[in-house]
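Chemist: Structure file start_0.csv (CSV, C-alpha atoms) right here:
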chain,number,residue,atom,x,y,z
B,4,MET,CA,-46.4,-153.8,149.0
B,5,SER,CA,-45.8,-156.9,146.9
B,6,THR,CA,-42.3,-155.9,145.7
B,7,ASN,CA,-39.2,-158.1,145.8
B,8,VAL,CA,-41.2,-161.1,144.8
B,9,ASP,CA,-39.0,-161.5,141.8
B,10,LYS,CA,-35.9,-159.9,143.3
B,11,THR,CA,-36.2,-156.4,141.8
B,12,PRO,CA,-32.7,-155.1,141.2
B,13,PRO,CA,-32.0,-151.7,142.8
B,14,LEU,CA,-33.0,-148.6,140.9
B,15,ASN,CA,-29.9,-147.2,139.3
B,16,PHE,CA,-28.8,-145.3,136.3
B,17,ASP,CA,-28.7,-148.4,134.2
B,18,THR,CA,-32.5,-148.8,134.5
B,19,PHE,CA,-32.7,-145.7,132.4
B,20,LEU,CA,-29.6,-146.1,130.2
B,21,SER,CA,-30.3,-149.6,129.0
B,22,GLY,CA,-33.2,-148.4,126.9
B,23,VAL,CA,-31.1,-145.6,125.4
B,24,TRP,CA,-28.2,-147.7,124.2
B,25,ARG,CA,-27.8,-151.4,125.1
B,26,GLU,CA,-31.5,-152.3,124.5
B,27,ASN,CA,-32.3,-149.5,122.1
B,28,PRO,CA,-35.8,-150.4,120.8
B,29,VAL,CA,-35.2,-149.4,117.2
B,30,LEU,CA,-31.5,-150.0,116.5
B,31,VAL,CA,-31.0,-153.1,118.6
B,32,MET,CA,-34.4,-154.8,119.2
B,33,MET,CA,-35.9,-153.7,115.8
B,34,LEU,CA,-39.3,-152.8,117.3
B,35,GLY,CA,-41.6,-150.1,116.4
B,36,MET,CA,-40.3,-149.9,112.8
B,37,CYS,CA,-43.5,-148.4,111.2
B,38,PRO,CA,-43.5,-145.0,112.9
B,39,THR,CA,-39.7,-145.0,112.8
B,40,LEU,CA,-39.7,-145.0,109.0
B,41,ALA,CA,-43.0,-143.3,108.3
B,42,VAL,CA,-42.7,-140.0,110.1
B,43,THR,CA,-39.0,-139.3,110.0
B,44,ASN,CA,-39.0,-137.2,106.9
B,45,SER,CA,-38.1,-134.2,109.0
B,46,ALA,CA,-36.3,-133.8,112.3
B,47,LEU,CA,-39.3,-131.9,113.9
B,48,ASN,CA,-41.8,-134.7,113.0
B,49,ALA,CA,-39.3,-137.2,114.4
B,50,LEU,CA,-39.0,-135.3,117.7
B,51,ALA,CA,-42.8,-134.9,118.0
B,52,MET,CA,-43.4,-138.6,117.4
B,53,GLY,CA,-40.7,-139.5,119.9
B,54,ALA,CA,-42.2,-137.2,122.5
B,55,ALA,CA,-45.7,-138.6,122.0
B,56,THR,CA,-44.5,-142.2,122.2
B,57,THR,CA,-42.5,-141.5,125.3
B,58,PHE,CA,-45.6,-140.0,127.0
B,59,VAL,CA,-47.6,-143.1,126.2
B,60,LEU,CA,-44.8,-145.3,127.3
B,61,ILE,CA,-44.4,-143.6,130.7
B,62,GLY,CA,-48.1,-143.3,131.3
B,63,SER,CA,-49.0,-146.8,130.4
B,64,GLY,CA,-45.9,-148.2,132.2
B,65,ALA,CA,-46.9,-146.4,135.4
B,66,LEU,CA,-50.6,-147.5,135.2
B,67,VAL,CA,-49.8,-151.1,134.3
B,68,SER,CA,-47.3,-151.3,137.1
B,69,LEU,CA,-49.8,-149.9,139.6
B,70,MET,CA,-52.4,-152.3,138.5
B,71,ARG,CA,-50.1,-155.3,138.2
B,72,SER,CA,-51.6,-157.2,141.2
B,73,ILE,CA,-55.2,-156.8,140.2
B,74,ILE,CA,-55.0,-157.6,136.5
B,75,PRO,CA,-56.0,-161.3,135.9
B,76,GLY,CA,-53.3,-163.1,133.9
B,77,SER,CA,-55.7,-164.4,131.2
B,78,VAL,CA,-56.9,-161.0,130.1
B,79,ARG,CA,-53.7,-159.0,130.7
B,80,ILE,CA,-52.8,-158.3,127.1
B,81,ALA,CA,-56.3,-157.0,126.4
B,82,THR,CA,-56.1,-154.8,129.6
B,83,TYR,CA,-52.7,-153.4,128.5
B,84,ILE,CA,-54.0,-152.6,125.1
B,85,VAL,CA,-57.0,-150.7,126.5
B,86,ILE,CA,-54.7,-148.8,128.9
B,87,ILE,CA,-52.4,-147.9,126.0
B,88,ALA,CA,-55.3,-146.9,123.7
B,89,THR,CA,-56.5,-144.6,126.4
B,90,PHE,CA,-53.2,-142.7,126.7
B,91,VAL,CA,-53.0,-142.6,122.9
B,92,THR,CA,-56.4,-141.0,122.6
B,93,VAL,CA,-55.2,-138.4,125.1
B,94,VAL,CA,-52.1,-137.7,123.0
B,95,ASP,CA,-54.2,-137.6,119.8
B,96,TYR,CA,-56.5,-134.9,121.1
B,97,ALA,CA,-53.6,-133.0,122.8
B,98,ILE,CA,-51.6,-132.8,119.5
B,99,GLN,CA,-54.7,-131.7,117.7
B,100,GLY,CA,-55.1,-128.9,120.2
B,101,ILE,CA,-51.4,-127.9,120.2
B,102,SER,CA,-50.6,-127.8,116.5
B,103,LEU,CA,-53.0,-128.8,113.7
B,104,ARG,CA,-50.1,-128.6,111.2
B,105,LEU,CA,-48.1,-131.2,113.1
B,106,TYR,CA,-51.3,-133.3,113.5
B,107,GLU,CA,-51.6,-133.4,109.7
B,108,ALA,CA,-48.0,-134.2,109.2
B,109,LEU,CA,-48.1,-137.2,111.5
B,110,GLY,CA,-51.5,-138.3,110.2
B,111,ALA,CA,-52.7,-141.7,111.2
B,112,PHE,CA,-49.4,-142.5,112.9
B,113,ILE,CA,-50.4,-140.8,116.1
B,114,GLN,CA,-53.3,-143.3,116.5
B,115,LEU,CA,-51.1,-146.1,115.4
B,116,ILE,CA,-48.9,-145.6,118.5
B,117,VAL,CA,-51.4,-148.1,120.0
B,118,VAL,CA,-49.9,-150.9,118.0
B,119,ASN,CA,-46.3,-149.8,118.5
B,120,CYS,CA,-44.8,-153.1,119.8
B,121,ILE,CA,-42.3,-151.3,122.0
B,122,ILE,CA,-45.1,-150.1,124.3
B,123,LEU,CA,-46.9,-153.5,124.6
B,124,GLY,CA,-43.5,-155.2,124.9
B,125,ARG,CA,-42.5,-153.0,127.8
B,126,ALA,CA,-45.9,-153.4,129.5
B,127,GLU,CA,-45.6,-157.2,129.3
B,128,ALA,CA,-41.9,-157.7,129.9
B,129,TYR,CA,-41.1,-155.0,132.4
B,130,ALA,CA,-43.9,-152.8,133.9
B,131,SER,CA,-46.1,-155.8,134.9
B,132,LYS,CA,-43.4,-157.2,137.1
B,133,ARG,CA,-41.7,-154.1,138.6
B,134,PRO,CA,-42.7,-151.3,141.1
B,135,VAL,CA,-43.9,-148.0,139.7
B,136,THR,CA,-40.6,-146.1,140.0
B,137,HIS,CA,-38.7,-148.8,138.0
B,138,ALA,CA,-41.4,-148.9,135.4
B,139,VAL,CA,-41.4,-145.2,134.9
B,140,VAL,CA,-37.6,-144.8,134.8
B,141,ASN,CA,-37.3,-147.7,132.4
B,142,ALA,CA,-40.1,-146.4,130.2
B,143,ALA,CA,-38.4,-143.0,130.1
B,144,GLY,CA,-35.2,-144.6,129.0
B,145,MET,CA,-36.9,-146.6,126.3
B,146,GLY,CA,-38.7,-143.4,125.2
B,147,ALA,CA,-35.4,-141.5,125.1
B,148,GLY,CA,-33.8,-144.3,123.0
B,149,PHE,CA,-36.7,-144.3,120.6
B,150,THR,CA,-36.6,-140.5,120.3
B,151,LEU,CA,-32.9,-140.6,119.7
B,152,SER,CA,-33.1,-143.2,116.9
B,153,LEU,CA,-36.0,-141.2,115.3
B,154,LEU,CA,-33.9,-138.1,115.5
B,155,LEU,CA,-30.9,-139.9,113.9
B,156,LEU,CA,-33.1,-140.9,111.0
B,157,GLY,CA,-35.1,-137.7,110.7
B,158,SER,CA,-32.1,-135.4,110.7
B,159,VAL,CA,-30.2,-137.4,108.1
B,160,ARG,CA,-33.3,-137.5,105.9
B,161,GLU,CA,-34.0,-133.8,106.3
B,162,ILE,CA,-30.5,-132.7,105.7
B,163,LEU,CA,-30.1,-134.9,102.6
B,164,GLY,CA,-33.6,-134.5,101.2
B,165,ALA,CA,-34.3,-130.8,101.9
B,166,GLY,CA,-30.9,-129.3,102.9
B,167,THR,CA,-32.4,-128.1,106.2
B,168,LEU,CA,-32.4,-129.2,109.8
B,169,PHE,CA,-35.4,-128.3,112.0
B,170,GLY,CA,-36.4,-126.0,109.1
B,171,VAL,CA,-33.1,-124.0,109.2
B,172,THR,CA,-31.4,-124.0,105.8
B,173,LEU,CA,-27.9,-125.4,106.1
B,174,PHE,CA,-26.4,-125.1,102.6
B,175,GLY,CA,-26.1,-122.3,100.0
B,176,PRO,CA,-28.4,-121.9,97.1
B,177,ASP,CA,-26.4,-124.3,95.0
B,178,PHE,CA,-27.5,-127.3,97.0
B,179,GLN,CA,-29.5,-129.8,95.0
B,180,PRO,CA,-31.9,-131.6,97.4
B,181,TRP,CA,-31.8,-135.3,97.2
B,182,VAL,CA,-35.6,-135.7,97.2
B,183,VAL,CA,-35.7,-139.5,97.2
B,184,MET,CA,-34.5,-139.3,100.9
B,185,LEU,CA,-37.8,-137.7,101.9
B,186,LEU,CA,-39.8,-140.4,100.0
B,187,PRO,CA,-40.4,-143.9,101.3
B,188,PRO,CA,-37.3,-145.6,99.8
B,189,GLY,CA,-35.1,-143.0,101.6
B,190,GLY,CA,-36.4,-144.2,105.0
B,191,PHE,CA,-35.4,-147.8,104.3
B,192,PHE,CA,-32.0,-146.8,102.9
B,193,VAL,CA,-31.1,-144.4,105.8
B,194,LEU,CA,-32.2,-146.9,108.5
B,195,GLY,CA,-30.3,-149.7,106.7
B,196,MET,CA,-27.2,-147.4,106.7
B,197,TRP,CA,-27.5,-146.6,110.4
B,198,LEU,CA,-27.9,-150.3,111.2
B,199,LEU,CA,-24.8,-151.1,109.1
B,200,LEU,CA,-22.8,-148.4,110.9
B,201,PHE,CA,-23.8,-149.7,114.3
B,202,GLY,CA,-23.2,-153.3,113.3
B,203,TRP,CA,-19.8,-152.4,112.1
B,204,LEU,CA,-18.9,-150.5,115.3
B,205,ARG,CA,-20.1,-153.4,117.4
B,206,GLU,CA,-18.1,-155.9,115.3
B,207,ARG,CA,-15.0,-153.7,115.7
B,208,ARG,CA,-15.3,-153.5,119.4
B,209,ALA,CA,-15.8,-157.2,119.7
B,210,THR,CA,-12.6,-158.0,117.8
B,211,PRO,CA,-9.9,-155.4,118.2
B,212,THR,CA,-8.0,-155.0,114.8
B,213,PRO,CA,-4.4,-155.8,115.9
B,214,GLN,CA,-5.4,-159.1,117.5
B,215,ARG,CA,-7.5,-160.2,114.5
B,216,SER,CA,-4.6,-159.7,112.0
B,217,SER,CA,-2.2,-161.8,114.1
B,218,VAL,CA,-4.7,-164.6,114.6
B,219,HIS,CA,-5.2,-165.0,110.9
B,220,GLY,CA,-1.7,-166.5,110.4
B,221,HIS,CA,-2.5,-169.9,111.9
V,11,MET,CA,-69.1,-141.1,101.1
V,12,GLY,CA,-65.9,-141.4,99.2
V,13,THR,CA,-66.2,-141.1,95.5
V,14,ASP,CA,-63.4,-143.3,94.3
V,15,SER,CA,-64.4,-146.1,92.0
V,16,LEU,CA,-63.8,-149.7,93.2
V,17,ALA,CA,-61.1,-150.4,90.7
V,18,ALA,CA,-59.2,-147.2,91.6
V,19,ILE,CA,-59.4,-148.2,95.3
V,20,ALA,CA,-58.1,-151.7,94.6
V,21,LEU,CA,-55.2,-150.5,92.3
V,22,ASN,CA,-54.3,-147.8,94.8
V,23,ALA,CA,-54.1,-150.1,97.8
V,24,ILE,CA,-52.2,-152.9,96.0
V,25,LEU,CA,-49.7,-151.0,94.0
V,26,VAL,CA,-49.7,-147.2,94.2
V,27,ASN,CA,-49.9,-146.8,98.0
V,28,ASN,CA,-48.7,-150.3,98.9
V,29,PHE,CA,-49.0,-150.7,102.6
V,30,VAL,CA,-45.5,-151.8,103.2
V,31,PHE,CA,-43.5,-149.9,100.6
V,32,SER,CA,-45.2,-146.6,100.6
V,33,LEU,CA,-47.2,-146.2,103.8
V,34,PHE,CA,-44.8,-148.1,106.1
V,35,LEU,CA,-47.4,-150.2,107.7
V,36,GLY,CA,-46.9,-153.7,108.9
V,37,LEU,CA,-43.2,-153.6,108.9
V,38,CYS,CA,-42.7,-155.9,111.9
V,39,PRO,CA,-44.1,-159.0,110.2
V,40,PHE,CA,-42.6,-157.8,106.9
V,41,LEU,CA,-39.1,-158.0,108.4
V,42,GLY,CA,-39.9,-160.9,110.7
V,43,VAL,CA,-41.7,-163.5,108.6
V,44,SER,CA,-40.3,-162.9,105.2
V,45,GLY,CA,-37.6,-165.5,105.5
V,46,LYS,CA,-39.4,-168.4,103.8
V,47,LEU,CA,-41.6,-168.2,100.8
V,48,ASN,CA,-44.5,-170.4,101.9
V,49,THR,CA,-44.7,-169.0,105.5
V,50,ALA,CA,-44.7,-165.5,104.0
V,51,ALA,CA,-47.6,-166.4,101.7
V,52,SER,CA,-49.7,-167.9,104.4
V,53,MET,CA,-49.0,-165.0,106.8
V,54,GLY,CA,-50.1,-162.7,104.0
V,55,ALA,CA,-53.3,-164.7,103.6
V,56,ALA,CA,-54.0,-164.8,107.3
V,57,THR,CA,-53.5,-161.0,107.6
V,58,THR,CA,-55.8,-160.4,104.6
V,59,LEU,CA,-58.5,-162.4,106.3
V,60,VAL,CA,-58.1,-160.5,109.6
V,61,MET,CA,-58.1,-157.2,107.7
V,62,PHE,CA,-61.4,-158.1,105.9
V,63,VAL,CA,-63.2,-159.2,109.1
V,64,SER,CA,-62.0,-156.3,111.2
V,65,SER,CA,-62.7,-153.8,108.5
V,66,ALA,CA,-66.3,-155.0,108.2
V,67,CYS,CA,-66.7,-154.8,112.0
V,68,ALA,CA,-65.0,-151.4,112.2
V,69,TYR,CA,-67.5,-150.1,109.6
V,70,GLY,CA,-70.4,-151.2,111.8
V,71,ILE,CA,-68.8,-149.8,115.0
V,72,ASN,CA,-68.0,-146.5,113.4
V,73,TRP,CA,-71.6,-146.2,112.4
V,74,VAL,CA,-72.8,-146.8,115.9
V,75,LEU,CA,-70.2,-144.5,117.5
V,76,THR,CA,-71.0,-141.7,115.1
V,77,ALA,CA,-74.7,-142.1,115.8
V,78,THR,CA,-74.2,-141.9,119.5
V,79,ASP,CA,-71.5,-139.2,119.5
V,80,LEU,CA,-68.9,-141.4,121.1
V,81,GLU,CA,-66.2,-140.9,118.5
V,82,PHE,CA,-63.4,-140.6,121.1
V,83,LEU,CA,-63.9,-144.3,121.9
V,84,ARG,CA,-63.1,-145.3,118.2
V,85,LEU,CA,-59.5,-146.3,118.7
V,86,ILE,CA,-60.2,-148.5,121.8
V,87,CYS,CA,-63.1,-150.2,120.0
V,88,TYR,CA,-61.2,-150.8,116.8
V,89,ILE,CA,-58.3,-152.4,118.6
V,90,ALA,CA,-60.6,-154.6,120.6
V,91,VAL,CA,-62.4,-155.7,117.4
V,92,ILE,CA,-59.0,-156.5,115.8
V,93,ALA,CA,-57.9,-158.6,118.8
V,94,ALA,CA,-61.2,-160.5,118.6
V,95,ALA,CA,-60.8,-161.1,114.8
V,96,VAL,CA,-57.3,-162.4,115.3
V,97,GLN,CA,-58.6,-164.8,117.9
V,98,LEU,CA,-61.3,-165.9,115.4
V,99,VAL,CA,-58.8,-166.6,112.6
V,100,GLU,CA,-56.5,-168.4,115.1
V,101,MET,CA,-59.3,-170.7,116.2
V,102,SER,CA,-60.5,-171.5,112.7
V,103,MET,CA,-57.0,-172.1,111.5
V,104,LYS,CA,-56.3,-174.4,114.4
V,105,LYS,CA,-59.4,-176.4,113.4
V,106,PHE,CA,-59.1,-176.5,109.6
V,107,SER,CA,-55.3,-176.4,109.1
V,108,PRO,CA,-53.2,-177.4,112.1
V,109,ALA,CA,-50.1,-177.6,110.0
V,110,LEU,CA,-50.3,-174.0,109.0
V,111,PHE,CA,-51.2,-173.0,112.5
V,112,ARG,CA,-47.9,-174.5,113.8
V,113,ALA,CA,-45.9,-172.9,111.0
V,114,LEU,CA,-47.1,-169.4,111.8
V,115,GLY,CA,-46.6,-170.0,115.5
V,116,ILE,CA,-46.0,-166.8,117.5
V,117,TYR,CA,-46.7,-164.5,114.5
V,118,LEU,CA,-50.4,-165.3,114.4
V,119,PRO,CA,-51.3,-163.5,117.7
V,120,LEU,CA,-48.9,-160.8,116.7
V,121,ILE,CA,-51.3,-159.8,113.8
V,122,THR,CA,-53.1,-157.9,116.5
V,123,THR,CA,-50.3,-155.5,116.8
V,124,ASN,CA,-49.8,-155.3,113.0
V,125,CYS,CA,-50.3,-151.7,112.3
V,126,ALA,CA,-51.5,-152.4,108.8
V,127,VAL,CA,-54.7,-154.0,110.2
V,128,LEU,CA,-55.5,-151.0,112.4
V,129,GLY,CA,-54.4,-148.8,109.5
V,130,VAL,CA,-57.0,-150.2,107.2
V,131,ALA,CA,-59.7,-149.5,109.8
V,132,LEU,CA,-58.5,-146.0,110.4
V,133,PHE,CA,-58.1,-145.0,106.7
V,134,GLN,CA,-61.5,-146.3,105.7
V,135,THR,CA,-63.0,-144.1,108.4
V,136,THR,CA,-61.0,-141.0,107.4
V,137,ARG,CA,-61.9,-141.5,103.8
V,138,ASP,CA,-65.6,-142.0,104.4
V,139,TYR,CA,-65.7,-145.3,102.4
V,140,SER,CA,-69.0,-147.0,102.0
V,141,PHE,CA,-69.4,-150.6,103.1
V,142,VAL,CA,-68.5,-152.1,99.7
V,143,GLN,CA,-65.6,-149.7,99.2
V,144,SER,CA,-64.3,-150.6,102.7
V,145,ALA,CA,-64.5,-154.3,101.8
V,146,VAL,CA,-62.6,-153.9,98.5
V,147,TYR,CA,-60.1,-151.6,100.2
V,148,SER,CA,-59.4,-154.1,103.0
V,149,VAL,CA,-59.0,-157.1,100.7
V,150,SER,CA,-56.7,-155.1,98.3
V,151,ALA,CA,-54.6,-153.8,101.2
V,152,GLY,CA,-54.2,-157.4,102.3
V,153,ALA,CA,-53.3,-158.4,98.8
V,154,GLY,CA,-50.7,-155.6,98.6
V,155,PHE,CA,-49.2,-156.7,102.0
V,156,MET,CA,-49.1,-160.3,100.8
V,157,LEU,CA,-47.4,-159.2,97.5
V,158,ALA,CA,-44.7,-157.3,99.5
V,159,LEU,CA,-44.2,-160.3,101.8
V,160,VAL,CA,-43.9,-162.8,99.0
V,161,LEU,CA,-41.5,-160.6,96.9
V,162,MET,CA,-39.3,-160.1,99.9
V,163,ALA,CA,-39.3,-163.8,100.9
V,164,GLY,CA,-38.3,-164.7,97.3
V,165,LEU,CA,-35.4,-162.3,97.4
V,166,ARG,CA,-34.3,-163.4,100.8
V,167,GLU,CA,-34.4,-167.1,99.9
V,168,ARG,CA,-32.0,-166.3,97.1
V,169,LEU,CA,-29.8,-164.2,99.3
V,170,GLU,CA,-29.2,-167.1,101.7
V,171,LEU,CA,-26.9,-168.5,99.0
V,172,ALA,CA,-25.2,-165.2,98.2
V,173,GLU,CA,-22.0,-164.3,99.8
V,174,VAL,CA,-22.2,-160.9,101.5
V,175,PRO,CA,-19.9,-159.2,104.0
V,176,ARG,CA,-20.7,-160.4,107.5
V,177,VAL,CA,-21.7,-157.0,108.9
V,178,THR,CA,-24.3,-156.5,106.3
V,179,GLN,CA,-26.1,-159.7,107.0
V,180,GLY,CA,-29.5,-159.6,108.5
V,181,ALA,CA,-31.5,-156.5,109.2
V,182,ALA,CA,-29.3,-154.0,107.4
V,183,LEU,CA,-29.4,-155.9,104.1
V,184,THR,CA,-33.1,-156.6,104.4
V,185,LEU,CA,-33.8,-152.9,104.8
V,186,MET,CA,-31.6,-152.0,101.8
V,187,LEU,CA,-33.6,-154.6,99.7
V,188,ALA,CA,-36.8,-153.1,101.0
V,189,GLY,CA,-35.6,-149.7,99.9
V,190,ILE,CA,-34.9,-150.9,96.4
V,191,LEU,CA,-38.3,-152.6,96.2
V,192,SER,CA,-39.9,-149.4,97.5
V,193,LEU,CA,-38.1,-147.4,94.7
V,194,THR,CA,-39.6,-149.9,92.2
V,195,PHE,CA,-43.1,-149.4,93.6
V,196,MET,CA,-42.7,-145.6,93.2
V,197,GLY,CA,-43.0,-146.3,89.5
V,198,PHE,CA,-46.7,-147.0,90.0
V,199,VAL,CA,-47.4,-143.5,91.2
V,200,GLY,CA,-50.1,-141.9,89.0
V,201,LEU,CA,-51.7,-145.3,88.1
V,202,GLY,CA,-55.5,-145.4,88.4
V,203,GLY,CA,-55.9,-141.6,88.9
V,204,GLY,CA,-56.6,-139.9,92.2
V,205,HIS,CA,-54.2,-139.7,95.2
Go ahead and render the structure in this file as structure tokens.
Modeler:
Amino acid sequence: MSTNVDKTPPLNFDTFLSGVWRENPVLVMMLGMCPTLAVTNSALNALAMGAATTFVLIGSGALVSLMRSIIPGSVRIATYIVIIATFVTVVDYAIQGISLRLYEALGAFIQLIVVNCIILGRAEAYASKRPVTHAVVNAAGMGAGFTLSLLLLGSVREILGAGTLFGVTLFGPDFQPWVVMLLPPGGFFVLGMWLLLFGWLRERRATPTPQRSSVHGH
Amino acid sequence: MGTDSLAAIALNAILVNNFVFSLFLGLCPFLGVSGKLNTAASMGAATTLVMFVSSACAYGINWVLTATDLEFLRLICYIAVIAAAVQLVEMSMKKFSPALFRALGIYLPLITTNCAVLGVALFQTTRDYSFVQSAVYSVSAGAGFMLALVLMAGLRERLELAEVPRVTQGAALTLMLAGILSLTFMGFVGLGGGH
């Protein structure tokens, strides 16, 4: 066991939670934007994409962590990419076997999970330095955070653009679907709006309103 | 073999199905490197070069893999080829234009994980393009990417001087801009026939 070389912090709930909220890959770190915007035209697609990415994250995280002492430093990135590509190939074939309709909806973006910077980033920055349990828990957290942000986008776009959520009709027959939300511009707008909302919330928490109004009188 | 004419392929890749604005590929460099106009232009050019080299290699590899029934290795081979092509561009740029090499810095190796590059290789395979079609497709895709990057950089340079609320600065505003640009590019739908 070569652990504790770089003072691994104890495994706690924060190992998981940091990926979901504080270091959320999409909303905070702005990584993995391409699948985030491309496949979130419905909540179901978003969920499937999130699940596929989470699987690759956990699998590659575990393998990279297990092999961290035998991977030579100079070829580590290439090794990580090959490990990731292997798991993506597995997911690619699995989704084809489970649902062909889903496979067609996600299109090339399943294979493009390989170049999702979240996964390579986690392999390089976390899994290659930590024991397997940490790597897996952290990868699961990151995956959950990624899935959560995809769902946020996917549900808003599906509700506005088609008036449904997970295929269930939400509004009466008078609802006029806002089709542009399902098209590419909608993806940019909705993500921009979410970032705006979270930025505003963070700003508000950083400077409580009553204090700010009194400081201004200087 | 795909039946699209070369002009249709080029028009489609540059305008109608622009990689950034309608296919959502290559967003990381699009959001990351579009701050300055000349960096954006050279990043676009470097990416185009990598696209061209890797698309040509991918064509050959796909031919070999199909002949030997090893298609499940396609993804791994493609990504390895792209990494090698990036290395090649990096080395030649270091030799011929050190200034540009320094300007692009960290973003150069990151072309490897630019999904637009892998996207070109995957799409040309799915669409059964011939070698010439693939070459045209990869260069036009690169040109479309560069166009998007340059447009965005121009807008963002202007925005530096504009007064916007503090919360909207940065990513949120950039995404809104991208949304508006993407709306504009939707106007090209139907051009050149097909798709």
Chemist: Show me, as a VMD selection string, every residue of chain V with an atom at most 7 Å from chain B, counting all atoms listed in the file.
Modeler: chain V and resid 31 to 38 85 to 86 123 to 125 177 to 178 182 to 183 185 to 186 188 to 190 192 to 193
Chemist: Keeping only C-alpha atoms, write the selected residues to a file as a CSV table (one decimal), in the coordinates of the input.
Modeler:
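part_31.csv was written with the following content:
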chain,number,residue,atom,x,y,z
V,31,PHE,CA,-43.5,-149.9,100.6
V,32,SER,CA,-45.2,-146.6,100.6
V,33,LEU,CA,-47.2,-146.2,103.8
V,34,PHE,CA,-44.8,-148.1,106.1
V,35,LEU,CA,-47.4,-150.2,107.7
V,36,GLY,CA,-46.9,-153.7,108.9
V,37,LEU,CA,-43.2,-153.6,108.9
V,38,CYS,CA,-42.7,-155.9,111.9
V,85,LEU,CA,-59.5,-146.3,118.7
V,86,ILE,CA,-60.2,-148.5,121.8
V,123,THR,CA,-50.3,-155.5,116.8
V,124,ASN,CA,-49.8,-155.3,113.0
V,125,CYS,CA,-50.3,-151.7,112.3
V,177,VAL,CA,-21.7,-157.0,108.9
V,178,THR,CA,-24.3,-156.5,106.3
V,182,ALA,CA,-29.3,-154.0,107.4
V,183,LEU,CA,-29.4,-155.9,104.1
V,185,LEU,CA,-33.8,-152.9,104.8
V,186,MET,CA,-31.6,-152.0,101.8
V,188,ALA,CA,-36.8,-153.1,101.0
V,189,GLY,CA,-35.6,-149.7,99.9
V,190,ILE,CA,-34.9,-150.9,96.4
V,192,SER,CA,-39.9,-149.4,97.5
V,193,LEU,CA,-38.1,-147.4,94.7
Chemist: Would you mind listing what lies within 7 Å of segment 92-103 of chain V as a list in words, with all atoms listed in the file counted and same-chain residues fewer than 6 positions away left out?
Modeler: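 Surrounding residues, per the criterion: Val60, Val63, Ser64, Phe111, Leu118, Pro119, Ile121 and Thr122 of chain V.
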Chemist: Compile the contact shell of Ala49 of chain B as JSON, numbers by chain: residues with an atom at most 6 Å away, counting only C-alpha atoms, same-chain residues fewer than 4 positions apart removed.
Modeler: {"B": [43, 153, 154, 157]}
Chemist: Check the smallest atom-to-atom distance from each of V:Leu128, V:Leu110, V:Leu161, V:Leu25 to Ala68 of chain V using only C-alpha atoms, then report the winner.
Modeler: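 Looking at the shortest contact to Ala68 of chain V, the residue is V:Leu128.
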Chemist: Report, in Å with one decimal, the straight-line distance from atom CA of Gly180 of chain V to atom CA of Pro39 of chain V.
Modeler: 14.7 Å
Chemist: Go ahead and compute the interatomic distance for atom CA of Lys104 of chain V and atom CA of Thr49 of chain V, in Å to one decimal.
Modeler: 15.6 Å
Chemist: Could you check how far atom CA of Gly64 of chain B sits from atom CA of Ala181 of chain V, in Å to one decimal?
Modeler: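 So the two atoms, atom CA of Gly64 of chain B and atom CA of Ala181 of chain V, lie 28.4 Å apart.
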Chemist: Skip Val139 of chain B itself and residues of its chain fewer than 3 positions away, then list as a PyMOL selection string all residues within 7 Å of it, counting all atoms listed in the file.
Modeler: chain B and resi 61+64-65+135-136+142-143
Chemist: Could you check the closest approach to Arg166 of chain V for each of V:Ala126, V:Leu187, V:Val30, V:Ala18 and tell me which residue wins, using all atoms listed in the file?
Modeler: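 Closest to Arg166 of chain V, using all atoms listed in the file: V:Leu187.
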Chemist: When you look at Leu14 of chain B with a cut-off of 12 Å (counting all atoms listed in the file), what residues show up, excluding the ones that are within fewer than 2 positions of it in the same chain? I need them as a PyMOL selection string.
Modeler: chain B and resi 10-12+16-20+133-141
Chemist: Within 8 Å of (-33.9, -144.1, 125.0) (coordinates as in the file), grab all the protein and nucleic acid residues, counting all atoms listed in the file, and write them out as a VMD selection string.
Modeler: chain B and resid 19 to 24 27 to 28 143 to 151
